[in-house]
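J.: Got a file for you: entry07.txt, compact mmCIF, C-alpha atoms and all ligand atoms.
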```txt
# COMPACT_ATOMS: atom_id res chain seq x y z
CA MET A 1 14.52 6.88 26.28
CA ARG A 2 11.55 8.66 24.78
CA LEU A 3 11.70 9.21 21.05
CA ALA A 4 10.05 11.17 18.27
CA LEU A 5 10.30 8.82 15.28
CA LEU A 6 10.38 9.96 11.67
CA GLY A 7 10.15 7.10 9.19
CA VAL A 8 11.28 8.26 5.75
CA GLY A 9 10.61 6.32 2.55
CA GLN A 10 9.06 2.89 2.34
CA ALA A 11 11.46 1.01 4.59
CA GLY A 12 11.57 3.88 7.10
CA GLY A 13 7.77 3.89 7.31
CA LYS A 14 7.55 0.14 7.76
CA VAL A 15 10.17 0.07 10.52
CA THR A 16 8.36 2.95 12.24
CA ASP A 17 5.17 0.90 12.05
CA ALA A 18 7.03 -1.99 13.69
CA PHE A 19 8.28 0.26 16.51
CA LEU A 20 4.71 1.46 17.14
CA GLU A 21 3.47 -2.11 17.18
CA TYR A 22 6.20 -3.07 19.69
CA ALA A 23 5.42 -0.09 21.94
CA ASP A 24 1.70 -0.96 21.88
CA ARG A 25 2.26 -4.63 22.59
CA THR A 26 4.63 -4.01 25.51
CA ASP A 27 2.72 -0.99 26.78
CA SER A 28 5.91 1.04 26.69
CA ASP A 29 6.36 4.80 26.35
CA ILE A 30 9.40 4.80 24.11
CA VAL A 31 7.63 6.35 21.11
CA VAL A 32 6.15 9.70 22.10
CA ASP A 33 5.08 10.51 18.56
CA ALA A 34 5.77 9.31 15.02
CA LEU A 35 5.61 10.64 11.47
CA ALA A 36 5.93 8.87 8.13
CA VAL A 37 7.32 10.93 5.24
CA ASN A 38 7.26 9.77 1.64
CA THR A 39 7.12 10.89 -2.00
CA ALA A 40 5.06 7.80 -2.91
CA LYS A 41 1.40 7.82 -1.96
CA ALA A 42 1.02 4.04 -2.25
CA ASP A 43 3.74 3.45 0.36
CA LEU A 44 1.98 5.72 2.84
CA LEU A 45 -1.33 3.93 2.21
CA GLY A 46 0.35 0.61 3.01
CA LEU A 47 1.23 1.59 6.58
CA GLU A 48 -0.79 0.17 9.44
CA ARG A 49 0.18 1.91 12.67
CA VAL A 50 1.26 5.45 11.84
CA PRO A 51 -1.95 7.52 12.15
CA VAL A 52 -3.27 8.81 8.81
CA SER A 53 -2.88 12.42 10.02
CA LYS A 54 0.84 11.74 10.62
CA ARG A 55 1.57 10.52 7.07
CA LEU A 56 3.14 13.27 4.99
CA LEU A 57 3.30 13.14 1.20
CA ILE A 58 5.97 15.50 -0.12
CA GLY A 59 7.20 16.44 -3.60
CA THR A 60 3.75 16.16 -5.21
CA ASP A 61 4.47 19.02 -7.63
CA ARG A 62 7.55 17.17 -8.91
CA VAL A 63 6.58 13.48 -8.84
CA LYS A 64 2.80 13.54 -8.36
CA GLY A 65 2.80 11.02 -5.54
CA HIS A 66 4.61 8.35 -7.60
CA GLY A 67 7.93 8.32 -5.71
CA VAL A 68 11.40 9.25 -6.96
CA GLY A 69 12.29 5.95 -8.64
CA ALA A 70 15.46 5.30 -6.61
CA ASP A 71 16.84 8.74 -7.57
CA ASN A 72 18.17 9.99 -4.26
CA GLU A 73 19.44 13.27 -5.71
CA LEU A 74 15.83 14.04 -6.60
CA GLY A 75 14.87 12.92 -3.08
CA ALA A 76 17.32 15.41 -1.58
CA GLU A 77 16.03 18.22 -3.85
CA ILE A 78 12.44 17.52 -2.83
CA ALA A 79 13.49 17.55 0.83
CA ALA A 80 15.08 20.97 0.38
CA ASP A 81 11.89 22.29 -1.28
CA ASP A 82 9.36 20.71 1.09
CA SER A 83 11.15 20.40 4.43
CA ASP A 84 8.88 23.12 5.87
CA VAL A 85 5.91 20.77 5.55
CA VAL A 86 7.74 18.21 7.67
CA MET A 87 9.08 20.78 10.14
CA ASP A 88 5.54 22.17 10.64
CA ALA A 89 4.35 18.66 11.50
CA VAL A 90 7.31 18.21 13.90
CA ALA A 91 6.41 21.52 15.55
CA GLY A 92 3.02 19.97 16.32
CA MET A 93 4.64 17.08 18.22
CA PRO A 94 5.08 17.21 22.01
CA THR A 95 8.83 17.67 21.57
CA HIS A 96 9.20 18.88 25.19
CA GLU A 97 8.53 15.25 26.22
CA ILE A 98 11.21 13.62 24.07
CA ASP A 99 14.85 12.76 24.76
CA ALA A 100 15.82 12.48 21.09
CA PHE A 101 14.68 12.36 17.48
CA MET A 102 15.25 9.25 15.43
CA LEU A 103 15.08 9.23 11.64
CA VAL A 104 14.67 5.79 10.10
CA ALA A 105 15.46 5.21 6.42
CA GLY A 106 16.55 2.57 3.92
CA LEU A 107 19.71 4.01 2.37
CA GLY A 108 19.53 2.08 -0.90
CA GLY A 109 16.35 3.64 -2.32
CA GLY A 110 15.58 7.21 -3.33
CA THR A 111 13.26 8.83 -0.82
CA GLY A 112 14.65 7.69 2.55
CA SER A 113 18.18 7.84 1.19
CA GLY A 114 17.86 11.41 -0.12
CA VAL A 115 15.31 12.97 2.24
CA ALA A 116 16.39 11.68 5.67
CA PRO A 117 19.85 13.34 5.75
CA TYR A 118 18.29 16.69 4.81
CA LEU A 119 15.64 16.40 7.54
CA ALA A 120 18.39 15.55 10.05
CA LYS A 121 20.16 18.77 9.16
CA GLU A 122 16.96 20.80 9.62
CA LEU A 123 16.06 19.11 12.92
CA ARG A 124 19.52 19.76 14.34
CA ARG A 125 19.32 23.38 13.30
CA ARG A 126 15.97 23.85 15.05
CA TYR A 127 16.05 21.63 18.14
CA GLU A 128 18.34 21.05 21.13
CA GLU A 129 17.55 17.34 21.40
CA PRO A 130 19.98 14.96 19.70
CA VAL A 131 19.04 13.68 16.26
CA TYR A 132 19.91 10.04 15.57
CA GLY A 133 19.63 8.08 12.36
CA LEU A 134 18.76 4.44 11.95
CA GLY A 135 20.07 3.60 8.47
CA LEU A 136 19.32 0.32 6.69
CA LEU A 137 22.02 -0.82 4.27
CA PRO A 138 20.90 -2.71 1.14
CA GLY A 139 21.87 -6.35 0.75
CA LYS A 140 24.88 -7.11 -1.49
CA ASP A 141 22.68 -8.75 -4.10
CA GLU A 142 20.46 -5.69 -4.59
CA GLY A 143 22.68 -4.30 -7.33
CA GLY A 144 24.85 -1.32 -8.23
CA ILE A 145 22.37 1.55 -8.09
CA TYR A 146 21.20 0.63 -4.57
CA THR A 147 24.81 0.34 -3.46
CA LEU A 148 25.71 3.70 -5.01
CA ASN A 149 22.68 5.34 -3.37
CA ALA A 150 23.57 3.82 -0.02
CA ALA A 151 27.22 4.85 -0.17
CA ARG A 152 26.35 8.47 -0.97
CA SER A 153 23.53 8.66 1.56
CA PHE A 154 25.66 7.04 4.26
CA GLN A 155 28.35 9.69 3.83
CA THR A 156 25.80 12.51 4.06
CA PHE A 157 23.65 11.02 6.81
CA VAL A 158 26.65 10.39 9.13
CA ARG A 159 27.63 14.03 8.69
CA GLU A 160 24.15 15.36 9.50
CA VAL A 161 23.10 13.26 12.53
CA ASP A 162 24.48 13.07 16.06
CA ASN A 163 25.01 9.36 15.52
CA LEU A 164 24.04 6.90 12.81
CA VAL A 165 23.07 3.44 14.00
CA VAL A 166 23.36 1.05 11.07
CA TYR A 167 21.48 -2.13 10.27
CA ASP A 168 22.91 -4.11 7.37
CA ASN A 169 20.11 -6.03 5.64
CA ASP A 170 22.64 -8.78 4.92
CA THR A 171 22.65 -9.62 8.63
CA MET A 172 18.91 -10.36 8.40
CA ALA A 173 18.10 -13.95 9.33
CA SER A 174 17.36 -15.89 6.15
CA GLY A 175 14.66 -18.51 5.78
CA ALA A 176 11.58 -16.38 5.14
CA ASP A 177 9.28 -17.48 2.30
CA SER A 178 9.44 -14.14 0.49
CA LEU A 179 11.35 -10.87 0.58
CA ALA A 180 8.30 -9.10 2.05
CA SER A 181 7.87 -11.58 4.88
CA GLY A 182 11.64 -11.49 5.41
CA PHE A 183 11.48 -7.71 5.82
CA ALA A 184 8.40 -7.89 8.06
CA LYS A 185 10.22 -10.33 10.33
CA ALA A 186 13.41 -8.27 10.29
CA ASN A 187 11.47 -5.10 11.15
CA GLU A 188 9.68 -6.78 14.02
CA GLU A 189 12.99 -8.09 15.35
CA LEU A 190 14.67 -4.72 14.92
CA ALA A 191 11.91 -3.01 16.92
CA ARG A 192 11.97 -5.65 19.66
CA ARG A 193 15.74 -5.48 20.05
CA PHE A 194 16.04 -1.71 20.01
CA GLY A 195 12.94 -1.63 22.20
CA VAL A 196 14.82 -3.40 24.99
CA LEU A 197 17.57 -0.80 24.84
CA PHE A 198 15.25 2.22 24.76
CA ALA A 199 12.73 0.85 27.27
CA ALA A 200 15.37 -0.08 29.87
CA GLY A 201 15.24 3.28 31.65
CA GLU A 202 11.48 3.79 31.29
CA THR A 203 10.32 1.37 33.99
CA ASP A 204 6.93 2.01 35.53
CA GLY A 205 8.14 1.29 39.07
CA THR A 206 6.84 -2.29 39.31
CA ALA A 207 10.37 -3.68 39.02
CA VAL A 208 13.26 -1.39 39.82
CA PRO A 209 16.64 -2.00 38.16
CA GLU A 210 19.79 -2.28 40.29
CA GLN A 211 21.68 -0.17 37.80
CA VAL A 212 19.39 1.95 35.67
CA VAL A 213 20.23 2.61 32.03
CA ASP A 214 18.35 5.82 31.53
CA ALA A 215 18.22 8.14 28.53
CA SER A 216 21.36 10.01 29.59
CA GLU A 217 23.42 6.80 29.48
CA ILE A 218 22.28 6.16 25.91
CA ILE A 219 22.83 9.79 24.92
CA ASN A 220 26.34 9.74 26.40
CA THR A 221 27.19 6.50 24.64
CA LEU A 222 26.02 7.91 21.31
CA GLY A 223 27.60 11.28 22.14
CA CYS A 224 30.93 10.48 20.47
CA GLY A 225 29.14 10.71 17.09
CA GLY A 226 29.95 8.71 13.98
CA VAL A 227 28.58 5.24 13.37
CA SER A 228 27.13 2.70 15.77
CA THR A 229 26.31 -0.97 15.63
CA PHE A 230 24.05 -2.98 17.86
CA GLY A 231 24.18 -6.57 19.05
CA TYR A 232 21.53 -8.72 20.69
CA ALA A 233 21.32 -12.25 22.00
CA SER A 234 18.81 -14.06 24.16
CA SER A 235 18.24 -17.48 25.71
CA PRO A 236 15.09 -19.07 27.14
CA ILE A 237 14.94 -19.85 30.86
CA GLU A 238 13.70 -22.85 32.77
CA ARG A 239 11.16 -22.12 35.49
CA LYS A 240 10.19 -24.24 38.46
CA ARG A 241 6.46 -24.87 38.47
CA GLY A 242 4.49 -22.16 40.36
CA LEU A 243 2.58 -23.24 43.48
CA PHE A 244 -0.78 -21.87 42.36
CA GLY A 245 -0.44 -22.44 38.66
CA GLY A 246 1.35 -19.11 38.07
CA LYS A 247 4.83 -18.68 36.70
CA GLY A 248 7.38 -20.18 39.06
CA ARG A 249 10.81 -18.84 39.90
CA ALA A 250 13.51 -19.21 37.32
CA ASP A 251 16.45 -21.50 37.95
CA VAL A 252 19.11 -18.97 38.97
CA SER A 253 22.04 -21.36 39.32
CA ASP A 254 23.61 -20.28 36.04
CA ALA A 255 22.59 -16.59 36.10
CA THR A 256 26.11 -15.13 36.06
CA PRO A 257 27.73 -17.30 33.34
CA ARG A 258 24.56 -17.00 31.25
CA ILE A 259 24.80 -13.19 31.22
CA LEU A 260 28.46 -13.27 30.27
CA ALA A 261 27.80 -15.79 27.49
CA LEU A 262 24.94 -13.69 26.09
CA VAL A 263 26.95 -10.47 26.08
CA ARG A 264 29.83 -12.22 24.30
CA GLN A 265 27.42 -13.71 21.76
CA ALA A 266 25.73 -10.34 21.13
CA THR A 267 29.08 -8.59 20.65
CA LEU A 268 31.03 -11.17 18.70
CA GLY A 269 28.44 -12.72 16.46
CA ARG A 270 25.24 -10.73 16.23
CA LEU A 271 26.02 -7.11 15.35
CA THR A 272 23.65 -5.22 13.04
CA LEU A 273 26.77 -3.99 11.26
CA PRO A 274 29.71 -6.35 11.66
CA CYS A 275 32.91 -4.44 12.50
CA GLU A 276 36.25 -4.66 14.24
CA ILE A 277 35.06 -4.16 17.81
CA THR A 278 38.36 -2.70 19.00
CA SER A 279 37.57 0.34 16.86
CA ALA A 280 34.61 1.28 19.11
CA GLU A 281 34.93 4.46 21.14
CA ARG A 282 32.13 3.77 23.64
CA ALA A 283 29.88 0.89 24.58
CA LEU A 284 26.66 0.23 26.47
CA VAL A 285 25.27 -3.08 27.68
CA VAL A 286 21.76 -3.80 28.94
CA VAL A 287 20.76 -7.16 30.36
CA ALA A 288 17.00 -7.80 30.47
CA GLY A 289 15.02 -10.60 32.05
CA PRO A 290 13.29 -11.72 35.25
CA PRO A 291 14.83 -9.84 38.23
CA GLU A 292 16.11 -13.02 39.90
CA MET A 293 18.18 -13.79 36.78
CA LEU A 294 19.87 -10.38 36.61
CA SER A 295 22.86 -11.18 38.77
CA ARG A 296 24.79 -8.05 39.65
CA SER A 297 28.09 -9.87 39.33
CA GLY A 298 27.01 -11.14 35.90
CA VAL A 299 26.36 -7.59 34.66
CA GLU A 300 29.65 -6.40 36.15
CA LYS A 301 31.64 -9.26 34.65
CA ALA A 302 30.02 -8.62 31.28
CA ARG A 303 30.98 -4.96 31.48
CA THR A 304 34.57 -5.82 32.36
CA TRP A 305 34.72 -8.32 29.51
CA LEU A 306 33.40 -5.67 27.11
CA GLU A 307 36.06 -3.22 28.31
CA GLU A 308 38.79 -5.75 27.62
CA ALA A 309 37.37 -6.94 24.30
CA THR A 310 36.87 -3.45 22.87
CA GLY A 311 39.82 -1.81 24.59
CA THR A 312 37.65 1.13 25.61
CA MET A 313 37.17 2.25 29.21
CA GLU A 314 33.91 3.99 28.42
CA VAL A 315 31.56 1.07 28.90
CA ARG A 316 28.22 1.82 30.52
CA GLY A 317 25.78 -0.83 31.61
CA GLY A 318 22.82 -1.87 33.65
CA ASP A 319 19.84 -4.16 33.97
CA PHE A 320 16.22 -4.11 32.89
CA PRO A 321 13.98 -6.29 35.08
CA VAL A 322 10.96 -7.78 33.29
CA PRO A 323 9.24 -9.98 35.93
CA ASP A 324 7.28 -12.31 33.61
CA ALA A 325 9.90 -12.69 30.89
CA ASP A 326 10.65 -16.17 29.59
CA GLU A 327 14.16 -15.33 28.48
CA VAL A 328 17.26 -13.40 29.40
CA ALA A 329 18.51 -11.00 26.75
CA ALA A 330 21.64 -8.92 26.28
CA ALA A 331 21.74 -5.77 24.15
CA VAL A 332 25.10 -4.23 23.31
CA LEU A 333 25.56 -0.87 21.62
CA LEU A 334 29.02 -0.10 20.20
CA SER A 335 29.36 3.55 19.33
CA GLY A 336 31.92 5.43 17.23
CA VAL A 337 33.07 2.33 15.35
CA SER A 338 35.43 3.06 12.47
CA ASP A 339 36.83 -0.22 11.17
CA ILE A 340 33.89 -1.53 9.12
CA PRO A 341 34.82 -3.70 6.11
CA ARG A 342 31.23 -3.64 4.76
CA VAL A 343 31.37 0.15 4.37
CA LYS A 344 34.68 0.00 2.49
CA GLU A 345 33.24 -2.68 0.22
CA LEU A 346 30.08 -0.64 -0.34
CA GLN A 347 32.16 2.37 -1.34
CA ALA A 348 34.31 0.36 -3.76
CA VAL A 349 31.24 -1.09 -5.53
CA ALA A 350 29.63 2.36 -5.56
CA ILE A 351 32.66 3.96 -7.24
CA GLU A 352 32.75 1.18 -9.84
CA THR A 353 29.02 1.61 -10.50
CA GLN A 354 29.40 5.37 -10.84
CA GLN A 355 32.23 4.97 -13.36
CA SER A 356 30.38 2.47 -15.48
CA MET A 357 27.21 4.62 -15.44
CA ARG A 358 29.25 7.64 -16.54
CA GLU A 359 30.92 5.72 -19.39
CA LEU A 360 27.61 4.34 -20.60
CA SER A 361 25.96 7.75 -20.56
CA GLU A 362 28.90 9.38 -22.41
CA THR A 363 28.67 6.88 -25.25
CA ALA A 364 24.87 6.60 -25.30
CA ASP A 365 24.36 9.01 -28.27
CA ASP A 366 26.95 7.21 -30.43
CA ARG A 367 25.48 3.83 -29.62
CA LEU A 368 21.98 4.98 -30.52
CA SER A 369 23.23 6.46 -33.82
CA ASP A 370 24.94 3.16 -34.61
CA LEU A 371 21.72 1.33 -33.92
CA LEU A 372 19.59 3.58 -36.14
CA TRP A 373 22.04 3.89 -39.02
CA SER A 374 20.71 1.76 -41.86
CA GLY A 375 23.87 1.65 -43.94
CA ASP A 376 23.15 3.19 -47.31
CA GLY A 377 20.48 5.67 -46.15
CA ASP A 378 17.60 3.88 -47.88
CA LEU A 379 15.47 4.04 -44.76
CA LYS A 380 14.03 7.49 -44.10
CA PRO A 381 12.24 8.64 -40.93
CA LEU A 382 8.56 9.49 -41.38
CA PHE A 383 8.91 13.16 -40.63
P1 LIG B 1 12.45 4.60 -0.74
O1 LIG B 1 10.99 4.42 -0.45
O2 LIG B 1 12.72 5.24 -2.06
O3 LIG B 1 13.19 5.25 0.36
O4 LIG B 1 13.04 3.16 -0.89
P2 LIG B 1 12.92 1.93 0.10
O5 LIG B 1 12.59 2.35 1.47
O6 LIG B 1 12.08 0.89 -0.54
O7 LIG B 1 14.44 1.55 0.17
C1 LIG B 1 14.98 0.54 -0.46
C2 LIG B 1 15.98 -0.11 0.46
O8 LIG B 1 15.43 -0.39 1.72
C3 LIG B 1 16.39 -1.37 -0.14
O9 LIG B 1 17.78 -1.31 -0.18
C4 LIG B 1 15.92 -2.48 0.77
O10 LIG B 1 16.96 -3.32 1.07
C5 LIG B 1 15.50 -1.77 2.03
N1 LIG B 1 14.16 -2.13 2.51
C6 LIG B 1 12.97 -1.98 1.86
N2 LIG B 1 11.96 -2.34 2.68
C7 LIG B 1 12.53 -2.73 3.86
C8 LIG B 1 12.00 -3.18 5.10
O11 LIG B 1 10.79 -3.30 5.31
N3 LIG B 1 12.92 -3.47 6.08
C9 LIG B 1 14.26 -3.35 5.89
N4 LIG B 1 15.07 -3.70 6.89
N5 LIG B 1 14.77 -2.91 4.74
C10 LIG B 1 13.92 -2.59 3.74
```
Would it be possible to restate this file's structure as structure tokens?
Ligand code: GDP
T.:
Amino acid sequence: MRLALLGVGQAGGKVTDAFLEYADRTDSDIVVDALAVNTAKADLLGLERVPVSKRLLIGTDRVKGHGVGADNELGAEIAADDSDVVMDAVAGMPTHEIDAFMLVAGLGGGTGSGVAPYLAKELRRRYEEPVYGLGLLPGKDEGGIYTLNAARSFQTFVREVDNLVVYDNDTMASGADSLASGFAKANEELARRFGVLFAAGETDGTAVPEQVVDASEIINTLGCGGVSTFGYASSPIERKRGLFGGKGRADVSDATPRILALVRQATLGRLTLPCEITSAERALVVVAGPPEMLSRSGVEKARTWLEEATGTMEVRGGDFPVPDADEVAAAVLLSGVSDIPRVKELQAVAIETQQSMRELSETADDRLSDLLWSGDGDLKPLF
């Protein structure tokens, strides 16, 4: 699957950077071109991989390059005013080479949250290729305003894209020393995991899959629209020592049960957005690893298991041979999921936040008067 990536806002830009780094490192063609869009100049300067000529600062007449301060309504207004700047840059991309657009944004902030859904609408109006979103949900401890932003953006983004793949930051592995290194690790992992899915059909001919998962399989899986979640699990393999010091053959005795175990693990315990899996409309499974470990019966059993576990008959699947790999990995995409407790919880907290913000703002004048009133009027303002 060959993508044009648009990273919007700080998180969107950083994840786009991570995708570019992954594509470089693995010499893969999954990112045809990439743009970073932001209202904050400093965030654009902090990027490492997106070329300087592909970094677009918008809204300068309104916010002077300082960002929107987590105000996603302002973000959406700026997008409406300046979307031509972004669309001109997209027109300069080799869009005839891509299979889809992907907009990446953190939904809790202001720029990605407000701008990305508007750009999705414009891209869908102008191009035939599907437009997907990769939306990052804020962690529960980030507070009310981030939750409110995310709930409103989520609603709008789902409506404007062909499918919104969601990554909940609360599923991020803990243990990093700081939030920044936690994010950097999460972004690298996100790119590596999605990379396996997108790169599966883009083999260079050195190792040919038995069942290819090409772009059309991914597009058909995402074609039901709505919300998607993604699971990934991997396990290292033992290799016999190579005769001439090279990598030896992997021990294939447990190839089939290993694949089944990995697909179950990816689906039941490792989703980027935990959900009730029986609410999925469609599913796709890719098993990657050294060719000798990709047992056909393992992939077929995994697909059958996924059909039974999700209750959907629309399960696509295939393999992705990577001759020198040191692990076997399973990637599972569940599309059109609708029973997602985290989204309901997000909405409930957002409504509560909205109510309390409204009440506070309605009583703000009275509270300020109370504060300034000095009782008997002895204190007079200066002028
Ligand atoms: P914006 O620049 O106004 O769009 O705001 P941010 O992109 O900083 O969005 C804030 C949200 O994105 C927060 O809810 C964070 O949880 C999340 N976030 C910020 N940086 C990263 C990152 O590098 N990776 C991930 N996964 N999430 C991030």
J.: Given the choices A:Leu20, A:Val166, A:Leu35, A:Val50, which gets closest to ligand LIG 1 (chain B) if the distance is worked out from only C-alpha atoms and all ligand atoms?
T.: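 Between A:Leu20, A:Val166, A:Leu35, A:Val50, the residue approaching ligand LIG 1 (chain B) most closely is A:Val166.
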J.: Let me have all residues with an atom within 7 Å of ligand LIG 1 (chain B), counting all atoms listed in the file, laid out as a count of residues only.
T.: 32
J.: By how many Å are CA of Leu294 (chain A) and CA of Glu281 (chain A) apart?
T.: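 CA of Leu294 (chain A) sits 26.2 Å away from CA of Glu281 (chain A).
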J.: List every protein, DNA or RNA residue that has at least one atom no more than 10 Å from (22.7, -1.8, 18.6) in the file's coordinates, counting all atoms listed in the file, and write the result as number ranges by chain.
T.: A: 134, 165-167, 190, 193-194, 197, 228-232, 266-267, 270-273, 283-285, 331-335
J.: Taking 3 positions as the minimum chain separation for residues in the same chain, which residues sit within 10 Å of Val131 (chain A) when counting only C-alpha atoms? Answer as an mmCIF file with C-alpha atoms, in the coordinates of the input.
T.:
```cif
data_model
loop_
_atom_site.group_PDB
_atom_site.id
_atom_site.type_symbol
_atom_site.label_atom_id
_atom_site.label_comp_id
_atom_site.auth_asym_id
_atom_site.auth_seq_id
_atom_site.Cartn_x
_atom_site.Cartn_y
_atom_site.Cartn_z
ATOM 1 C CA LEU A 3 11.700 9.210 21.050
ATOM 2 C CA ALA A 4 10.050 11.170 18.270
ATOM 3 C CA ASP A 99 14.850 12.760 24.760
ATOM 4 C CA ALA A 100 15.820 12.480 21.090
ATOM 5 C CA PHE A 101 14.680 12.360 17.480
ATOM 6 C CA MET A 102 15.250 9.250 15.430
ATOM 7 C CA LEU A 103 15.080 9.230 11.640
ATOM 8 C CA LEU A 119 15.640 16.400 7.540
ATOM 9 C CA ALA A 120 18.390 15.550 10.050
ATOM 10 C CA LYS A 121 20.160 18.770 9.160
ATOM 11 C CA GLU A 122 16.960 20.800 9.620
ATOM 12 C CA LEU A 123 16.060 19.110 12.920
ATOM 13 C CA ARG A 124 19.520 19.760 14.340
ATOM 14 C CA TYR A 127 16.050 21.630 18.140
ATOM 15 C CA GLU A 128 18.340 21.050 21.130
ATOM 16 C CA GLU A 160 24.150 15.360 9.500
ATOM 17 C CA VAL A 161 23.100 13.260 12.530
ATOM 18 C CA ASP A 162 24.480 13.070 16.060
ATOM 19 C CA ASN A 163 25.010 9.360 15.520
ATOM 20 C CA LEU A 164 24.040 6.900 12.810
#
```
J.: Please, what distance in Å, to one decimal, runs between CA of Ser253 (chain A) and CA of Val213 (chain A)?
T.: 25.1 Å
